[in-house]
Amino acid sequence: MRVAIVMGSTSDLPKLEPAINILKEYDVKVDVRCLSAHRAHAGLSAFIKDANNNGTEVIIAGAGMAAALPGVIASQTVLPVIGVPISGSVLDGVDALYSIVQMPPGIPVATVAINGGKNAAYLALQIMSIKHEALKDKLLYFRKDMELQAMKTNEDIIAKYN
């Protein structure tokens with residue numbers, strides 16, 4: 001199991017680090033790169049070409065402002081690409097969100113919330129769980145544990161206020 005995580009600049013790393021950590025917790029190999037779609041396009045294309053042939057199953061791309069990175073990646077692969085809009089400009093990431101979700105037909109980018117690195121990791125895991133049964137089992141256990149925690153919180157609230 002292998003996921004690539006690409007960011008446009010190192011300022012995006014704090015928003016993507018949770019995704020890296022989650023994927024590693026699930027024993028996924030993570031290839032992390034900092035390759036701007038605008039300033040390092042040749043290096044980015046070389047990396048995508050490699051990802052197309054090295055067993056990478058999903059690419060997560062985080063970018064802010066114009067946020068061209070996820071779309072540029074999607075234009076060069078048929079691997080699932082998950083875009084993470086990053087806040088940081090005056091528009092607080094809404095500019096990046098619009099840039100990522102408004103892809104032309106035929107070049108989709110799945111998009112999570114602004115600064116949604118965690119959900120990008122979980123979406124990548126869900127995509128890979130179609131092929132990897134053990135991963136699916138781990139995700140089901142994780143979901144059940146979340147449910148149990150939520151129900152315990154509910155019981156605590158009932159006990160305190162009723």
# chains A, B, ... in the order shown; residues from 1 in each chain; ligands from 1
$ closest_atom_pairs --of "stretch 53-137 of chain A" --to "stretch 10-19 of chain A" --cutoff "7 Å" --atoms "only C-alpha atoms" --output "JSON lines"
{"residue": "A:Gly62", "atom": "CA", "partner": "A:Asp12", "partner_atom": "CA", "distance": 6.8}
{"residue": "A:Ala63", "atom": "CA", "partner": "A:Asp12", "partner_atom": "CA", "distance": 6.8}
{"residue": "A:Ile86", "atom": "CA", "partner": "A:Asp12", "partner_atom": "CA", "distance": 6.8}
{"residue": "A:Asn115", "atom": "CA", "partner": "A:Lys15", "partner_atom": "CA", "distance": 5.6}
{"residue": "A:Gly117", "atom": "CA", "partner": "A:Leu16", "partner_atom": "CA", "distance": 5.0}
{"residue": "A:Lys118", "atom": "CA", "partner": "A:Ala19", "partner_atom": "CA", "distance": 4.9}
{"residue": "A:Ala120", "atom": "CA", "partner": "A:Ala19", "partner_atom": "CA", "distance": 6.7}
{"residue": "A:Ala121", "atom": "CA", "partner": "A:Ala19", "partner_atom": "CA", "distance": 4.8}
$ write_last_selection --atoms "C-alpha atoms" --output "PDB file, in the first residue's frame"
ATOM      1  CA  GLY A  62      -2.225  20.081  -0.704  1.00  0.00           C
ATOM      2  CA  ALA A  63      -2.031  23.616  -2.001  1.00  0.00           C
ATOM      3  CA  ILE A  86      -4.823  25.049   2.380  1.00  0.00           C
ATOM      4  CA  ASN A 115      -6.979  22.155   5.901  1.00  0.00           C
ATOM      5  CA  GLY A 117      -5.424  16.614   5.807  1.00  0.00           C
ATOM      6  CA  LYS A 118      -6.852  14.050   8.219  1.00  0.00           C
ATOM      7  CA  ALA A 120      -7.653  13.157   2.973  1.00  0.00           C
ATOM      8  CA  ALA A 121      -5.784  10.326   4.686  1.00  0.00           C
TER       9      ALA A 121
END
$ residues_around --residues "A:Ile82" --least-positions-apart "2" --cutoff "8 Å" --atoms "only C-alpha atoms" --output "count of residues only"
13
$ closest_residue --among "A:Met151, A:Val6, A:Leu79, A:Ile22" --to "A:Ile127" --atoms "only C-alpha atoms"
A:Leu79
$ select_by_dssp --residues "stretch 55-158 of chain A" --states "helix (DSSP H, G or I)" --output "JSON list (two decimals) with C-alpha atoms, in the first residue's frame"
[["chain", "number", "residue", "atom", "x", "y", "z"],
["A", 69, "LEU", "CA", -1.17, 21.47, -7.82],
["A", 70, "PRO", "CA", -3.96, 18.86, -7.42],
["A", 71, "GLY", "CA", -5.34, 19.60, -10.87],
["A", 72, "VAL", "CA", -1.94, 19.51, -12.54],
["A", 73, "ILE", "CA", -1.30, 16.15, -10.90],
["A", 74, "ALA", "CA", -4.73, 14.82, -11.95],
["A", 94, "VAL", "CA", -11.79, 29.51, 0.01],
["A", 95, "ASP", "CA", -9.77, 30.50, -3.07],
["A", 96, "ALA", "CA", -7.91, 27.18, -2.91],
["A", 97, "LEU", "CA", -11.15, 25.26, -2.35],
["A", 98, "TYR", "CA", -12.77, 26.76, -5.44],
["A", 99, "SER", "CA", -9.65, 26.18, -7.49],
["A", 100, "ILE", "CA", -9.53, 22.49, -6.58],
["A", 101, "VAL", "CA", -13.23, 21.62, -6.91],
["A", 117, "GLY", "CA", -5.42, 16.61, 5.81],
["A", 118, "LYS", "CA", -6.85, 14.05, 8.22],
["A", 119, "ASN", "CA", -9.88, 13.37, 6.04],
["A", 120, "ALA", "CA", -7.65, 13.16, 2.97],
["A", 121, "ALA", "CA", -5.78, 10.33, 4.69],
["A", 122, "TYR", "CA", -8.99, 8.55, 5.69],
["A", 123, "LEU", "CA", -10.38, 8.91, 2.16],
["A", 124, "ALA", "CA", -7.16, 7.48, 0.72],
["A", 125, "LEU", "CA", -7.44, 4.56, 3.17],
["A", 126, "GLN", "CA", -11.06, 3.95, 2.14],
["A", 127, "ILE", "CA", -10.10, 3.94, -1.54],
["A", 128, "MET", "CA", -7.31, 1.45, -0.89],
["A", 129, "SER", "CA", -9.55, -0.71, 1.32],
["A", 133, "GLU", "CA", -9.23, -6.44, 3.03],
["A", 134, "ALA", "CA", -7.03, -6.07, 6.14],
["A", 135, "LEU", "CA", -7.13, -2.31, 5.72],
["A", 136, "LYS", "CA", -10.91, -2.42, 5.42],
["A", 137, "ASP", "CA", -11.06, -4.37, 8.70],
["A", 138, "LYS", "CA", -8.87, -1.77, 10.46],
["A", 139, "LEU", "CA", -11.09, 1.05, 9.20],
["A", 140, "LEU", "CA", -14.24, -0.74, 10.36],
["A", 141, "TYR", "CA", -12.68, -1.22, 13.80],
["A", 142, "PHE", "CA", -11.73, 2.49, 13.87],
["A", 143, "ARG", "CA", -15.29, 3.50, 12.99],
["A", 144, "LYS", "CA", -16.76, 1.20, 15.64],
["A", 145, "ASP", "CA", -14.39, 2.66, 18.22],
["A", 146, "MET", "CA", -15.49, 6.20, 17.25],
["A", 147, "GLU", "CA", -19.11, 5.14, 17.67],
["A", 148, "LEU", "CA", -18.42, 3.67, 21.10],
["A", 149, "GLN", "CA", -16.65, 6.85, 22.21],
["A", 150, "ALA", "CA", -19.55, 8.99, 20.97],
["A", 151, "MET", "CA", -22.06, 6.83, 22.82],
["A", 152, "LYS", "CA", -20.01, 7.03, 26.02],
["A", 153, "THR", "CA", -19.98, 10.82, 25.73],
["A", 154, "ASN", "CA", -23.75, 10.72, 25.31],
["A", 155, "GLU", "CA", -24.13, 8.54, 28.42],
["A", 156, "ASP", "CA", -21.91, 10.94, 30.39],
["A", 157, "ILE", "CA", -24.11, 13.86, 29.34],
["A", 158, "ILE", "CA", -27.29, 11.99, 30.29]]
$ closest_residue --among "A:Val78, A:Met65, A:Ala46, A:Val32" --to "A:Ile107" --atoms "only C-alpha atoms"
A:Val78
$ atom_distance --atom1 "atom CA of A:Asn52" --atom2 "atom CA of A:Ala4"
10.5 Å
$ closest_residue --among "A:Val28, A:Pro105, A:Met7, A:Val81" --to "A:Ala67" --atoms "only C-alpha atoms"
A:Met7
$ atom_distance --atom1 "atom CA of A:Met1" --atom2 "atom CA of A:Lys49"
17.8 Å
$ atom_distance --atom1 "atom CA of A:Asn54" --atom2 "atom CA of A:Gln76"
14.9 Å
$ select_by_dssp --residues "stretch 85-131 of chain A" --states "strand (DSSP E)" --output "list of chain:residue names"
A:Pro85, A:Ile86, A:Ala110, A:Thr111
$ closest_residue --among "A:Gly116, A:Met103, A:Ala68, A:Val3" --to "A:Ser87" --atoms "only C-alpha atoms"
A:Gly116
$ decode --residues "stretch 56-71 of chain A" --atoms "all heavy atoms" --output "compact mmCIF listing (two decimals), in the first residue's frame"
# COMPACT_ATOMS: atom_id res chain seq x y z
N THR A 56 2.08 3.26 -6.37
CA THR A 56 1.27 4.28 -5.69
C THR A 56 -0.19 4.06 -6.05
O THR A 56 -0.53 3.84 -7.22
CB THR A 56 1.72 5.70 -6.11
OG1 THR A 56 3.07 5.88 -5.70
CG2 THR A 56 0.85 6.77 -5.50
N GLU A 57 -1.06 4.10 -5.04
CA GLU A 57 -2.48 3.86 -5.27
C GLU A 57 -3.32 5.12 -5.22
O GLU A 57 -4.39 5.19 -5.84
CB GLU A 57 -3.00 2.84 -4.26
CG GLU A 57 -2.33 1.48 -4.41
CD GLU A 57 -2.80 0.48 -3.39
OE1 GLU A 57 -4.00 0.12 -3.42
OE2 GLU A 57 -1.97 0.05 -2.56
N VAL A 58 -2.88 6.12 -4.47
CA VAL A 58 -3.61 7.38 -4.30
C VAL A 58 -2.58 8.49 -4.14
O VAL A 58 -1.52 8.28 -3.54
CB VAL A 58 -4.53 7.35 -3.06
CG1 VAL A 58 -5.27 8.67 -2.89
CG2 VAL A 58 -5.52 6.19 -3.12
N ILE A 59 -2.91 9.67 -4.65
CA ILE A 59 -2.07 10.85 -4.45
C ILE A 59 -2.88 11.90 -3.71
O ILE A 59 -4.00 12.23 -4.12
CB ILE A 59 -1.55 11.43 -5.78
CG1 ILE A 59 -0.71 10.38 -6.52
CG2 ILE A 59 -0.74 12.70 -5.53
CD1 ILE A 59 -0.28 10.80 -7.93
N ILE A 60 -2.31 12.41 -2.62
CA ILE A 60 -2.92 13.53 -1.88
C ILE A 60 -2.09 14.76 -2.22
O ILE A 60 -0.86 14.73 -2.12
CB ILE A 60 -2.90 13.26 -0.36
CG1 ILE A 60 -3.78 12.07 -0.02
CG2 ILE A 60 -3.34 14.51 0.41
CD1 ILE A 60 -3.67 11.59 1.43
N ALA A 61 -2.77 15.83 -2.61
CA ALA A 61 -2.06 17.06 -2.98
C ALA A 61 -2.64 18.24 -2.21
O ALA A 61 -3.83 18.51 -2.30
CB ALA A 61 -2.16 17.31 -4.48
N GLY A 62 -1.79 18.92 -1.46
CA GLY A 62 -2.22 20.08 -0.70
C GLY A 62 -1.65 21.34 -1.29
O GLY A 62 -0.46 21.39 -1.62
N ALA A 63 -2.50 22.35 -1.44
CA ALA A 63 -2.03 23.62 -2.00
C ALA A 63 -2.96 24.74 -1.58
O ALA A 63 -4.14 24.53 -1.34
CB ALA A 63 -1.98 23.54 -3.53
N GLY A 64 -2.40 25.92 -1.49
CA GLY A 64 -3.17 27.10 -1.15
C GLY A 64 -3.25 28.07 -2.31
O GLY A 64 -2.69 27.84 -3.37
N MET A 65 -3.98 29.13 -2.09
CA MET A 65 -4.16 30.22 -3.05
C MET A 65 -4.68 29.69 -4.39
O MET A 65 -5.76 29.15 -4.45
CB MET A 65 -2.90 31.05 -3.15
CG MET A 65 -2.55 31.69 -1.81
SD MET A 65 -0.91 32.43 -1.64
CE MET A 65 -0.75 33.45 -3.06
N ALA A 66 -3.92 29.83 -5.47
CA ALA A 66 -4.39 29.38 -6.78
C ALA A 66 -4.60 27.86 -6.81
O ALA A 66 -5.41 27.36 -7.57
CB ALA A 66 -3.39 29.78 -7.86
N ALA A 67 -3.87 27.13 -5.98
CA ALA A 67 -4.04 25.69 -5.76
C ALA A 67 -4.12 24.88 -7.04
O ALA A 67 -4.96 24.01 -7.20
CB ALA A 67 -5.27 25.45 -4.88
N ALA A 68 -3.21 25.13 -7.94
CA ALA A 68 -3.18 24.40 -9.21
C ALA A 68 -2.64 22.98 -9.05
O ALA A 68 -2.89 22.11 -9.88
CB ALA A 68 -2.34 25.16 -10.23
N LEU A 69 -1.89 22.73 -7.98
CA LEU A 69 -1.17 21.47 -7.82
C LEU A 69 -2.05 20.22 -7.98
O LEU A 69 -1.72 19.33 -8.78
CB LEU A 69 -0.43 21.45 -6.48
CG LEU A 69 0.42 20.23 -6.19
CD1 LEU A 69 1.56 20.11 -7.18
CD2 LEU A 69 0.97 20.31 -4.77
N PRO A 70 -3.16 20.08 -7.25
CA PRO A 70 -3.96 18.86 -7.42
C PRO A 70 -4.45 18.66 -8.85
O PRO A 70 -4.41 17.53 -9.36
CB PRO A 70 -5.13 19.07 -6.45
CG PRO A 70 -4.62 20.03 -5.44
CD PRO A 70 -3.71 20.95 -6.19
N GLY A 71 -4.86 19.72 -9.50
CA GLY A 71 -5.34 19.60 -10.87
C GLY A 71 -4.24 19.25 -11.86
O GLY A 71 -4.45 18.46 -12.78
